[in-house]
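Coordinates from input_21.csv are shown below (CSV, C-alpha atoms).
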chain,number,residue,atom,x,y,z
S,15,MET,CA,-23.1,-53.4,48.1
S,16,VAL,CA,-19.9,-54.2,50.1
S,17,ILE,CA,-18.3,-51.1,51.6
S,18,SER,CA,-14.5,-51.5,51.8
S,19,PRO,CA,-12.7,-49.9,54.8
S,20,ARG,CA,-11.2,-47.3,52.4
S,21,ASP,CA,-14.7,-46.3,51.2
S,22,ALA,CA,-15.8,-45.9,54.8
S,23,ASP,CA,-12.8,-43.7,55.5
S,24,ASP,CA,-13.6,-41.5,52.5
S,25,ALA,CA,-17.2,-41.2,53.5
S,26,ARG,CA,-16.1,-40.1,57.0
S,27,MET,CA,-13.7,-37.5,55.6
S,28,SER,CA,-16.4,-36.1,53.4
S,29,THR,CA,-18.5,-34.8,56.2
S,30,LEU,CA,-17.8,-32.8,59.4
S,31,ASP,CA,-19.3,-33.5,62.8
S,32,VAL,CA,-20.2,-30.0,64.0
S,33,ARG,CA,-21.5,-29.1,67.4
S,34,VAL,CA,-23.0,-25.6,67.5
S,35,TRP,CA,-24.1,-23.6,70.6
S,36,ARG,CA,-27.9,-23.0,70.7
S,37,GLY,CA,-29.6,-20.7,73.2
S,38,GLY,CA,-28.4,-17.8,75.3
S,39,ALA,CA,-26.4,-17.9,78.5
S,40,GLU,CA,-28.2,-21.1,79.2
S,41,GLY,CA,-28.3,-23.6,76.3
S,42,SER,CA,-26.6,-26.6,74.8
S,43,PHE,CA,-24.7,-27.8,71.8
S,44,GLN,CA,-26.7,-29.1,68.8
S,45,SER,CA,-25.0,-31.6,66.4
S,46,PHE,CA,-25.0,-31.2,62.6
S,47,GLU,CA,-23.4,-33.2,59.8
S,48,VAL,CA,-21.9,-30.8,57.2
S,49,PRO,CA,-20.4,-31.7,53.8
S,50,ARG,CA,-16.7,-31.3,53.7
S,51,HIS,CA,-15.2,-29.1,50.9
S,52,GLU,CA,-11.8,-28.1,49.8
S,53,SER,CA,-10.7,-24.7,51.2
S,54,GLN,CA,-13.8,-24.6,53.4
S,55,THR,CA,-13.8,-22.0,56.2
S,56,VAL,CA,-15.5,-22.2,59.5
S,57,LEU,CA,-17.8,-19.4,58.4
S,58,ASP,CA,-18.7,-21.5,55.4
S,59,VAL,CA,-19.7,-24.4,57.7
S,60,VAL,CA,-21.9,-22.1,59.9
S,61,THR,CA,-23.5,-20.6,56.8
S,62,HIS,CA,-24.3,-24.1,55.4
S,63,ILE,CA,-26.0,-25.0,58.7
S,64,GLN,CA,-28.1,-21.8,58.6
S,65,ARG,CA,-29.0,-22.0,55.0
S,66,VAL,CA,-29.6,-25.7,54.6
S,67,LEU,CA,-30.0,-27.4,58.0
S,68,GLU,CA,-31.3,-25.0,60.6
S,69,PRO,CA,-32.7,-21.6,59.3
S,70,ALA,CA,-33.3,-20.4,62.9
S,71,LEU,CA,-29.5,-20.4,63.7
S,72,ALA,CA,-28.3,-16.9,64.7
S,73,TYR,CA,-24.8,-15.8,63.8
S,74,ARG,CA,-23.1,-12.6,62.6
S,75,PHE,CA,-20.9,-11.9,59.6
S,76,ALA,CA,-20.5,-9.2,57.0
S,77,CYS,CA,-17.4,-8.9,54.7
S,78,ARG,CA,-16.2,-12.6,54.7
S,79,VAL,CA,-12.7,-11.4,53.9
S,80,GLY,CA,-11.2,-10.5,57.2
S,81,MET,CA,-11.9,-6.8,57.3
S,82,CYS,CA,-15.0,-6.1,59.2
S,83,GLY,CA,-14.4,-8.0,62.5
S,84,SER,CA,-18.0,-9.3,62.8
S,85,CYS,CA,-17.6,-13.1,62.6
S,86,ALA,CA,-15.4,-14.0,65.6
S,87,MET,CA,-16.5,-17.1,67.5
S,88,THR,CA,-15.0,-19.7,69.7
S,89,VAL,CA,-13.9,-22.6,67.5
S,90,ASN,CA,-12.8,-25.8,69.3
S,91,GLY,CA,-12.2,-23.7,72.5
S,92,VAL,CA,-10.2,-21.0,70.8
S,93,ALA,CA,-11.4,-17.5,69.7
S,94,ARG,CA,-10.9,-17.0,66.0
S,95,TRP,CA,-12.1,-15.0,63.0
S,96,THR,CA,-14.2,-17.6,61.3
S,97,CYS,CA,-14.1,-16.2,57.8
S,98,ARG,CA,-10.3,-16.6,57.6
S,99,THR,CA,-10.1,-19.8,59.5
S,100,HIS,CA,-9.9,-22.9,57.3
S,101,VAL,CA,-11.4,-26.1,58.6
S,102,ASP,CA,-8.1,-27.8,57.7
S,103,GLN,CA,-6.4,-25.6,60.3
S,104,VAL,CA,-8.7,-26.5,63.2
S,105,ALA,CA,-10.5,-29.8,62.6
S,106,ALA,CA,-7.8,-32.4,62.1
S,107,ASP,CA,-10.1,-35.1,63.4
S,108,GLY,CA,-13.1,-33.9,61.3
S,109,SER,CA,-15.0,-32.4,64.2
S,110,LEU,CA,-15.8,-28.8,65.2
S,111,GLU,CA,-17.3,-27.2,68.3
S,112,ILE,CA,-18.5,-23.7,67.6
S,113,ALA,CA,-19.6,-21.4,70.4
S,114,PRO,CA,-20.0,-17.6,70.8
S,115,LEU,CA,-17.1,-15.5,72.0
S,116,ARG,CA,-16.2,-15.8,75.7
S,117,ASN,CA,-16.4,-12.9,78.1
S,118,LEU,CA,-19.4,-11.3,76.5
S,119,PRO,CA,-23.2,-11.9,77.1
S,120,VAL,CA,-24.8,-14.2,74.5
S,121,ILE,CA,-27.7,-12.8,72.7
S,122,ARG,CA,-28.6,-16.0,70.9
S,123,ASP,CA,-26.7,-19.0,69.5
S,124,LEU,CA,-23.4,-17.7,68.1
S,125,VAL,CA,-24.2,-14.0,68.5
S,126,ALA,CA,-22.4,-12.2,71.4
S,127,ASP,CA,-23.5,-8.8,72.6
S,128,MET,CA,-20.5,-6.5,71.8
S,129,ARG,CA,-21.8,-3.4,73.5
S,130,GLU,CA,-19.7,-3.7,76.6
S,131,PHE,CA,-16.6,-4.3,74.4
S,132,PHE,CA,-17.1,-1.0,72.6
S,133,HIS,CA,-18.2,0.9,75.7
S,134,LYS,CA,-14.8,0.1,77.0
S,135,TRP,CA,-13.1,1.7,74.0
S,136,ALA,CA,-15.0,4.9,74.9
S,137,ALA,CA,-14.1,4.5,78.6
S,138,ALA,CA,-10.4,4.2,77.6
S,139,ARG,CA,-10.7,7.5,75.7
S,140,GLY,CA,-10.4,5.7,72.3
S,141,ALA,CA,-11.5,8.8,70.4
S,142,PHE,CA,-8.9,11.1,68.8
S,143,ALA,CA,-8.9,14.6,70.4
S,144,PRO,CA,-7.7,17.0,67.7
S,145,THR,CA,-5.5,19.9,68.5
S,146,ARG,CA,-5.7,21.6,65.1
S,147,THR,CA,-8.5,23.0,62.9
S,148,LYS,CA,-9.1,22.7,59.2
S,149,ARG,CA,-7.4,26.1,58.8
S,150,ASP,CA,-4.1,24.8,60.2
S,151,ASP,CA,-1.4,23.2,58.1
S,152,PHE,CA,-1.1,19.4,58.0
S,153,ALA,CA,0.7,17.8,60.9
S,154,ARG,CA,4.1,16.4,59.8
S,155,VAL,CA,4.7,13.0,61.4
S,156,ALA,CA,8.0,11.3,60.3
S,157,PRO,CA,7.2,7.7,59.3
S,158,GLU,CA,10.4,6.5,60.8
S,159,SER,CA,9.8,8.1,64.2
S,160,ALA,CA,9.6,5.7,67.1
S,161,ALA,CA,6.1,7.0,68.0
S,162,ARG,CA,4.7,6.5,64.4
S,163,ARG,CA,6.3,3.0,64.3
S,164,ALA,CA,4.6,2.1,67.6
S,165,ILE,CA,1.3,3.2,66.1
S,166,ASP,CA,1.9,1.3,62.8
S,167,ALA,CA,2.4,-1.9,64.9
S,168,ALA,CA,-1.0,-1.5,66.6
S,169,ILE,CA,-3.3,0.4,64.3
S,170,GLU,CA,-4.7,-2.4,62.1
S,171,CYS,CA,-7.2,-3.6,64.8
S,172,ILE,CA,-10.6,-4.5,63.2
S,173,GLY,CA,-12.4,-4.7,66.5
S,174,CYS,CA,-13.3,-8.4,66.2
S,175,GLY,CA,-13.1,-9.1,69.9
S,176,VAL,CA,-10.9,-12.2,69.6
S,177,CYS,CA,-8.4,-10.7,72.1
S,178,TYR,CA,-11.2,-9.8,74.5
S,179,GLY,CA,-12.7,-13.3,74.3
S,180,SER,CA,-9.2,-14.8,74.9
S,181,CYS,CA,-8.2,-12.7,78.0
S,182,ASP,CA,-8.4,-14.3,81.4
S,183,VAL,CA,-8.1,-11.0,83.2
S,184,VAL,CA,-11.4,-9.9,81.6
S,185,THR,CA,-12.9,-13.2,82.9
S,186,TRP,CA,-11.6,-12.5,86.4
S,187,ASN,CA,-12.3,-8.8,86.5
S,188,PRO,CA,-15.3,-7.8,84.3
S,189,ASP,CA,-14.4,-4.1,84.7
S,190,TYR,CA,-11.1,-4.6,83.0
S,191,LEU,CA,-10.9,-2.5,79.8
S,192,GLY,CA,-9.4,-5.3,77.9
S,193,PRO,CA,-6.7,-5.6,75.2
S,194,ALA,CA,-8.4,-4.0,72.3
S,195,ALA,CA,-9.5,-0.8,74.1
S,196,LEU,CA,-6.1,-0.4,75.7
S,197,ASN,CA,-4.4,-1.1,72.3
S,198,ARG,CA,-6.5,1.7,70.9
S,199,ALA,CA,-5.6,4.0,73.7
S,200,TRP,CA,-1.9,3.2,73.1
S,201,THR,CA,-2.1,4.3,69.5
S,202,LEU,CA,-3.5,7.6,70.6
S,203,VAL,CA,-1.0,8.1,73.4
S,204,GLN,CA,1.7,7.8,70.7
S,205,ASP,CA,-0.1,10.2,68.4
S,206,VAL,CA,1.7,13.6,68.4
S,207,ARG,CA,-1.4,15.3,67.1
S,208,ASP,CA,-3.7,14.2,70.0
S,209,GLY,CA,-4.6,16.6,72.7
S,210,ALA,CA,-6.0,14.4,75.4
S,211,ARG,CA,-2.9,12.5,76.6
S,212,GLY,CA,-3.4,13.3,80.3
S,213,GLU,CA,-7.0,12.4,80.5
S,214,ARG,CA,-6.4,9.2,78.5
S,215,LEU,CA,-3.5,8.1,80.8
S,216,ALA,CA,-5.8,8.7,83.8
S,217,ALA,CA,-8.6,6.7,82.1
S,218,VAL,CA,-6.3,3.6,81.4
S,219,ALA,CA,-4.6,3.6,84.8
S,220,GLY,CA,-5.8,1.5,87.7
S,221,ASP,CA,-6.8,-2.1,88.5
S,222,ALA,CA,-9.4,-2.0,85.6
S,223,GLY,CA,-6.8,-0.6,83.3
S,224,CYS,CA,-3.4,-1.3,82.0
S,225,GLN,CA,-1.9,-2.3,85.3
S,226,ALA,CA,-4.3,-5.2,85.6
S,227,CYS,CA,-2.6,-7.0,82.6
S,228,HIS,CA,-0.8,-10.1,83.7
S,229,THR,CA,1.2,-10.4,80.4
S,230,HIS,CA,-0.3,-13.8,79.7
S,231,LEU,CA,0.0,-12.9,76.0
S,232,SER,CA,-3.2,-14.7,75.0
S,233,CYS,CA,-4.4,-11.6,73.1
S,234,THR,CA,-1.1,-11.4,71.3
S,235,GLU,CA,-1.2,-15.1,70.4
S,236,ARG,CA,-4.7,-15.0,69.1
S,237,CYS,CA,-5.0,-11.6,67.4
S,238,PRO,CA,-5.8,-12.5,63.7
S,239,LYS,CA,-4.2,-9.2,62.6
S,240,GLY,CA,-0.8,-10.1,64.3
S,241,ILE,CA,-1.1,-7.1,66.7
S,242,SER,CA,0.5,-7.4,70.1
S,243,PRO,CA,-1.9,-5.6,72.5
S,244,THR,CA,0.4,-6.8,75.3
S,245,ALA,CA,3.2,-4.6,74.0
S,246,GLY,CA,0.9,-1.6,73.8
S,247,ILE,CA,-0.3,-2.3,77.3
S,248,ALA,CA,3.3,-2.5,78.6
S,249,GLY,CA,3.9,0.9,76.9
S,250,LEU,CA,0.8,2.3,78.7
S,251,LYS,CA,2.2,1.0,82.0
S,252,ARG,CA,5.4,2.8,81.4
S,253,ALA,CA,3.7,6.0,80.2
S,254,VAL,CA,1.3,6.0,83.2
S,255,ALA,CA,4.1,5.4,85.7
S,256,ALA,CA,6.2,8.1,84.2
S,257,ALA,CA,3.2,10.5,84.4
S,258,ALA,CA,2.7,9.6,88.1
S,259,LEU,CA,6.4,10.1,88.9
S,260,ARG,CA,6.2,13.6,87.3
S,261,GLY,CA,3.1,14.4,89.2
S,262,LYS,CA,1.0,14.6,86.1
S,263,LEU,CA,-1.5,11.8,86.6
K,17,MET,CA,-7.6,10.0,92.2
K,18,ARG,CA,-8.2,6.3,92.2
K,19,SER,CA,-6.1,5.9,89.1
K,20,ARG,CA,-3.2,7.8,90.8
K,21,ALA,CA,-3.4,5.6,94.0
K,22,GLU,CA,-3.5,2.4,91.9
K,23,THR,CA,-0.6,3.6,89.9
K,24,TRP,CA,1.5,4.3,93.0
K,25,LEU,CA,0.7,0.8,94.3
K,26,TRP,CA,1.8,-0.6,90.9
K,27,ILE,CA,5.1,1.4,91.1
K,28,ALA,CA,5.6,0.4,94.7
K,29,GLN,CA,5.2,-3.3,93.8
K,30,ARG,CA,7.6,-3.1,90.8
K,31,ALA,CA,10.2,-1.2,92.8
K,32,SER,CA,10.0,-3.6,95.8
K,33,ALA,CA,10.3,-6.5,93.3
K,34,ALA,CA,13.5,-5.1,92.0
K,35,LEU,CA,14.8,-4.8,95.6
K,36,LEU,CA,13.6,-8.3,96.4
K,37,ALA,CA,15.4,-9.8,93.4
K,38,LEU,CA,18.7,-8.4,94.7
K,39,CYS,CA,17.9,-9.4,98.3
K,40,VAL,CA,16.9,-12.9,97.4
K,41,LEU,CA,20.2,-13.4,95.5
K,42,VAL,CA,22.3,-12.1,98.4
K,43,HIS,CA,20.2,-14.2,100.9
K,44,LEU,CA,20.6,-17.4,98.9
K,45,ALA,CA,24.4,-16.9,98.5
K,46,THR,CA,24.6,-16.3,102.3
K,47,MET,CA,22.6,-19.4,103.1
K,48,ILE,CA,24.7,-21.6,100.8
K,49,TYR,CA,27.9,-20.1,102.3
K,50,ALA,CA,26.6,-20.8,105.9
K,51,VAL,CA,25.5,-24.3,105.2
K,52,ARG,CA,28.5,-25.4,103.0
K,53,GLY,CA,30.9,-23.7,105.4
K,54,GLY,CA,29.3,-25.7,108.2
K,55,LEU,CA,28.9,-22.7,110.4
K,56,SER,CA,27.3,-23.4,113.8
K,57,ALA,CA,24.4,-21.4,115.2
K,58,ALA,CA,26.9,-19.8,117.6
K,59,ALA,CA,29.2,-18.9,114.7
K,60,ILE,CA,26.3,-17.3,112.8
K,61,LEU,CA,25.1,-15.3,115.7
K,62,GLY,CA,28.7,-14.2,116.3
K,63,ARG,CA,28.6,-12.6,112.8
K,64,THR,CA,25.1,-11.1,113.0
K,65,ARG,CA,25.1,-9.7,116.5
K,66,GLY,CA,25.8,-6.0,116.5
K,67,ASN,CA,26.4,-6.0,112.7
K,68,VAL,CA,24.8,-2.9,111.4
K,69,ALA,CA,25.3,-3.8,107.7
K,70,TRP,CA,23.6,-7.1,108.3
K,71,LEU,CA,20.7,-5.3,110.1
K,72,ALA,CA,20.3,-2.8,107.3
K,73,PHE,CA,20.3,-5.4,104.6
K,74,TYR,CA,17.7,-7.7,106.2
K,75,SER,CA,15.6,-4.8,107.3
K,76,THR,CA,15.4,-3.7,103.7
K,77,PHE,CA,14.5,-7.3,102.7
K,78,VAL,CA,11.7,-7.4,105.3
K,79,LEU,CA,10.4,-3.9,104.2
K,80,ALA,CA,10.4,-4.9,100.5
K,81,ALA,CA,8.5,-8.0,101.2
K,82,THR,CA,6.0,-6.1,103.4
K,83,VAL,CA,5.3,-3.7,100.5
K,84,HIS,CA,5.4,-6.3,97.7
K,85,VAL,CA,3.4,-9.2,99.1
K,86,PRO,CA,0.1,-7.5,100.1
K,87,ILE,CA,-0.1,-5.6,96.8
K,88,GLY,CA,0.2,-8.8,94.8
K,89,LEU,CA,-2.3,-10.5,97.2
K,90,ARG,CA,-4.6,-7.6,96.6
K,91,ALA,CA,-4.8,-8.5,92.9
K,92,ALA,CA,-5.2,-12.2,93.6
K,93,LEU,CA,-8.0,-11.6,96.1
K,94,GLY,CA,-9.8,-9.3,93.6
K,95,GLU,CA,-9.5,-11.6,90.6
K,96,TRP,CA,-9.9,-15.0,92.2
K,97,LEU,CA,-12.3,-14.4,95.1
K,98,GLY,CA,-13.9,-11.2,93.8
K,99,TRP,CA,-13.0,-9.5,97.1
K,100,ARG,CA,-12.6,-5.8,96.4
K,101,GLY,CA,-13.1,-2.5,98.2
K,102,ARG,CA,-12.3,-1.1,101.6
K,103,SER,CA,-12.6,-4.4,103.6
K,104,ARG,CA,-10.0,-6.0,101.4
K,105,ASP,CA,-7.6,-3.1,101.7
K,106,ALA,CA,-8.0,-2.9,105.5
K,107,ALA,CA,-7.3,-6.7,105.8
K,108,LEU,CA,-4.2,-6.3,103.7
K,109,VAL,CA,-2.9,-3.3,105.7
K,110,ALA,CA,-3.3,-5.6,108.8
K,111,PHE,CA,-1.5,-8.4,106.9
K,112,ALA,CA,1.3,-6.0,105.9
K,113,ALA,CA,1.7,-5.0,109.6
K,114,LEU,CA,1.9,-8.6,110.6
K,115,LEU,CA,4.6,-9.3,108.0
K,116,ALA,CA,6.6,-6.3,109.2
K,117,VAL,CA,6.3,-7.2,112.8
K,118,LEU,CA,7.2,-10.9,112.3
K,119,GLY,CA,10.0,-10.1,109.9
K,120,MET,CA,11.6,-7.4,112.1
K,121,ARG,CA,11.2,-9.5,115.2
K,122,ALA,CA,13.3,-12.2,113.4
K,123,VAL,CA,15.9,-9.7,112.2
K,124,LEU,CA,16.2,-8.0,115.6
K,125,GLY,CA,16.3,-11.4,117.3
K,126,VAL,CA,19.6,-12.3,115.7
K,127,PHE,CA,21.0,-8.7,115.8
K,128,ALA,CA,20.5,-7.8,119.5

Could you render the structure as structure tokens?
Amino acid sequence: MVISPRDADDARMSTLDVRVWRGGAEGSFQSFEVPRHESQTVLDVVTHIQRVLEPALAYRFACRVGMCGSCAMTVNGVARWTCRTHVDQVAADGSLEIAPLRNLPVIRDLVADMREFFHKWAAARGAFAPTRTKRDDFARVAPESAARRAIDAAIECIGCGVCYGSCDVVTWNPDYLGPAALNRAWTLVQDVRDGARGERLAAVAGDAGCQACHTHLSCTERCPKGISPTAGIAGLKRAVAAAALRGKL
Amino acid sequence: MRSRAETWLWIAQRASAALLALCVLVHLATMIYAVRGGLSAAAILGRTRGNVAWLAFYSTFVLAATVHVPIGLRAALGEWLGWRGRSRDAALVAFAALLAVLGMRAVLGVFA
């Protein structure tokens, strides 16, 4: 059979060249050829590899619809939520390189160890500190108040770690709390019901806290939920400085 | 305590940056005026010697740089070279002193 150049083009377009990280901190990329489908997501590609080509491949996902924050990986060098990233968006030349999230230890293959990421949420006092009991009336928070609007802009974080894996300051200073933990702290600093403002501002101040942010905006550019942790961190810098000037830090 | 000290360093760096922005503008305007006006060294010294306003302005400039530069360098040394702790801060205090001495020597050199 004679293959025309057009047939050859079609055959090339119907498969994807995929390089997937195998191993832990030390390892290498393994190549796979994956059938190309319409509306295919990067998570679909990884799932095909695990189910059909390499059952031992380790990766993490849960909801598949952009809610749980489990499936973030580094796709062609950029941290992304793979369940909502279409192959069309990222593999114009028909090739994909998929690696675990940066700035976190690799457990195996595409699975990053998220413990440090969430420990930092706790270190940034990311837990709400209530000031009322169940016997008190509901707190009344005006939806149009500046504080509530600031919270609205930042509250939809799903904890996927894309911002953390995109942040150069985390790479340079492993103690840095990172964009997600600071964003969480910012929502609580704006929360009029919260009773731990002083402790929280002290927890997020310093060269491992909000003042370390260089405003590179990588977190803001890459956040799949459209949040700007940079804006929240800038707010924390102002709040911390104001507290210091008033002698309350 | 550490948070407070770090925050004051941050405030000092921002405040000195605001001063420097103003000082650099005035300094550039002065340089352009001196060069384009073709002022000789003697003419410049004639204006600066004994001029208290000039002394105050450039002393502020030197002081702002003395505060600003070491704090910025502190972050760069920590992030790029991983140099943190007391030894870094001691080295930067020495560097700040060097900046102040060299800067004020130059300012006084054309004032006195």

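The space between CA of Ile27 (chain K) and CA of Cys237 (chain S) spans 28.9 Å.
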
### Task
Compile the contact shell of Phe77 (chain K) as JSON, numbers by chain: residues with an atom at most 7 Å away, counting all atoms listed in the file, same-chain residues fewer than 3 positions apart removed.
{"K": [36, 39, 73, 74, 80, 81]}

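Straight-line separation from CA of Asn90 (chain S) to CA of Gly94 (chain K): 29.5 Å.
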
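By only C-alpha atoms, and with residues fewer than 5 positions from Gly240 (chain S) along its chain excluded, the set lying at most 12 Å from it is Asp166, Ala167, Ala168, Ile169, Glu170, Cys171, Ile172, Val176, Cys177, Ser232, Cys233, Thr234, Glu235 and Ala245 of chain S.
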
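Residues lying within 10 Å of Leu61 (chain K), counting only C-alpha atoms and ignoring same-chain neighbours fewer than 3 positions away, are K:Leu55, K:Ser56, K:Ala57, K:Ala58, K:Thr64, K:Arg65, K:Gly66, K:Asn67, K:Gly125, K:Val126, K:Phe127, K:Ala128.
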
Write the residues of the preceding selection, restricted to C-alpha atoms, as an mmCIF file, in the frame of the given file.
data_model
loop_
_atom_site.group_PDB
_atom_site.id
_atom_site.type_symbol
_atom_site.label_atom_id
_atom_site.label_comp_id
_atom_site.auth_asym_id
_atom_site.auth_seq_id
_atom_site.Cartn_x
_atom_site.Cartn_y
_atom_site.Cartn_z
ATOM 1 C CA LEU K 55 28.900 -22.700 110.400
ATOM 2 C CA SER K 56 27.300 -23.400 113.800
ATOM 3 C CA ALA K 57 24.400 -21.400 115.200
ATOM 4 C CA ALA K 58 26.900 -19.800 117.600
ATOM 5 C CA THR K 64 25.100 -11.100 113.000
ATOM 6 C CA ARG K 65 25.100 -9.700 116.500
ATOM 7 C CA GLY K 66 25.800 -6.000 116.500
ATOM 8 C CA ASN K 67 26.400 -6.000 112.700
ATOM 9 C CA GLY K 125 16.300 -11.400 117.300
ATOM 10 C CA VAL K 126 19.600 -12.300 115.700
ATOM 11 C CA PHE K 127 21.000 -8.700 115.800
ATOM 12 C CA ALA K 128 20.500 -7.800 119.500
#

Counting only C-alpha atoms, which residues of chain K sit at most 9 Å from some atom of chain S, and what is each one's closest atom pair with its distance in Å to one decimal, listed by chain and rising residue number, as CSV?
residue,atom,partner,partner_atom,distance
K:Met17,CA,S:Leu263,CA,8.5
K:Arg18,CA,S:Gly220,CA,7.0
K:Ser19,CA,S:Gly220,CA,4.6
K:Arg20,CA,S:Leu263,CA,6.0
K:Ala21,CA,S:Gly220,CA,7.9
K:Glu22,CA,S:Gly220,CA,4.9
K:Thr23,CA,S:Gly220,CA,6.0
K:Trp24,CA,S:Ala258,CA,7.3
K:Trp26,CA,S:Gln225,CA,6.9
K:Ile27,CA,S:Ala255,CA,6.8
K:Ala91,CA,S:Asp221,CA,8.0
K:Gly94,CA,S:Asn187,CA,7.5
K:Glu95,CA,S:Trp186,CA,4.8
K:Trp96,CA,S:Trp186,CA,6.5
K:Leu97,CA,S:Trp186,CA,8.9
K:Gly98,CA,S:Asn187,CA,7.8

Now that the selection is made, can you save its residues with C-alpha atoms as a PDB file, in the coordinates of the input?
ATOM      1  CA  MET K  17      -7.600  10.000  92.200  1.00  0.00           C
ATOM      2  CA  ARG K  18      -8.200   6.300  92.200  1.00  0.00           C
ATOM      3  CA  SER K  19      -6.100   5.900  89.100  1.00  0.00           C
ATOM      4  CA  ARG K  20      -3.200   7.800  90.800  1.00  0.00           C
ATOM      5  CA  ALA K  21      -3.400   5.600  94.000  1.00  0.00           C
ATOM      6  CA  GLU K  22      -3.500   2.400  91.900  1.00  0.00           C
ATOM      7  CA  THR K  23      -0.600   3.600  89.900  1.00  0.00           C
ATOM      8  CA  TRP K  24       1.500   4.300  93.000  1.00  0.00           C
ATOM      9  CA  TRP K  26       1.800  -0.600  90.900  1.00  0.00           C
ATOM     10  CA  ILE K  27       5.100   1.400  91.100  1.00  0.00           C
ATOM     11  CA  ALA K  91      -4.800  -8.500  92.900  1.00  0.00           C
ATOM     12  CA  GLY K  94      -9.800  -9.300  93.600  1.00  0.00           C
ATOM     13  CA  GLU K  95      -9.500 -11.600  90.600  1.00  0.00           C
ATOM     14  CA  TRP K  96      -9.900 -15.000  92.200  1.00  0.00           C
ATOM     15  CA  LEU K  97     -12.300 -14.400  95.100  1.00  0.00           C
ATOM     16  CA  GLY K  98     -13.900 -11.200  93.800  1.00  0.00           C
TER      17      GLY K  98
END

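Distance cut-off 12 Å, centre (2.8, -11.5, 99.1), atoms counted all atoms listed in the file; the residues meeting this are K:Gln29, K:Ser32, K:Ala33, K:Leu36, K:Val78, K:Leu79, K:Ala80, K:Ala81, K:Thr82, K:Val83, K:His84, K:Val85, K:Pro86, K:Ile87, K:Gly88, K:Leu89, K:Arg90, K:Ala91, K:Ala92, K:Leu93, K:Leu108, K:Val109, K:Phe111, K:Ala112, K:Leu114, K:Leu115, K:Ala116.
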
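Atom pair CA of Gly108 (chain S) / CA of Gln64 (chain S): separated by 19.5 Å.
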
Excluding same-chain residues fewer than 3 positions from region 195-210 of chain S, what lies within 6 Å of it counting only C-alpha atoms, as a tab-separated table (two decimals) with C-alpha atoms, in the coordinates of the input?
chain	number	residue	atom	x	y	z
S	135	TRP	CA	-13.10	1.70	74.00
S	140	GLY	CA	-10.40	5.70	72.30
S	143	ALA	CA	-8.90	14.60	70.40
S	144	PRO	CA	-7.70	17.00	67.70
S	145	THR	CA	-5.50	19.90	68.50
S	161	ALA	CA	6.10	7.00	68.00
S	165	ILE	CA	1.30	3.20	66.10
S	192	GLY	CA	-9.40	-5.30	77.90
S	213	GLU	CA	-7.00	12.40	80.50
S	243	PRO	CA	-1.90	-5.60	72.50
S	246	GLY	CA	0.90	-1.60	73.80
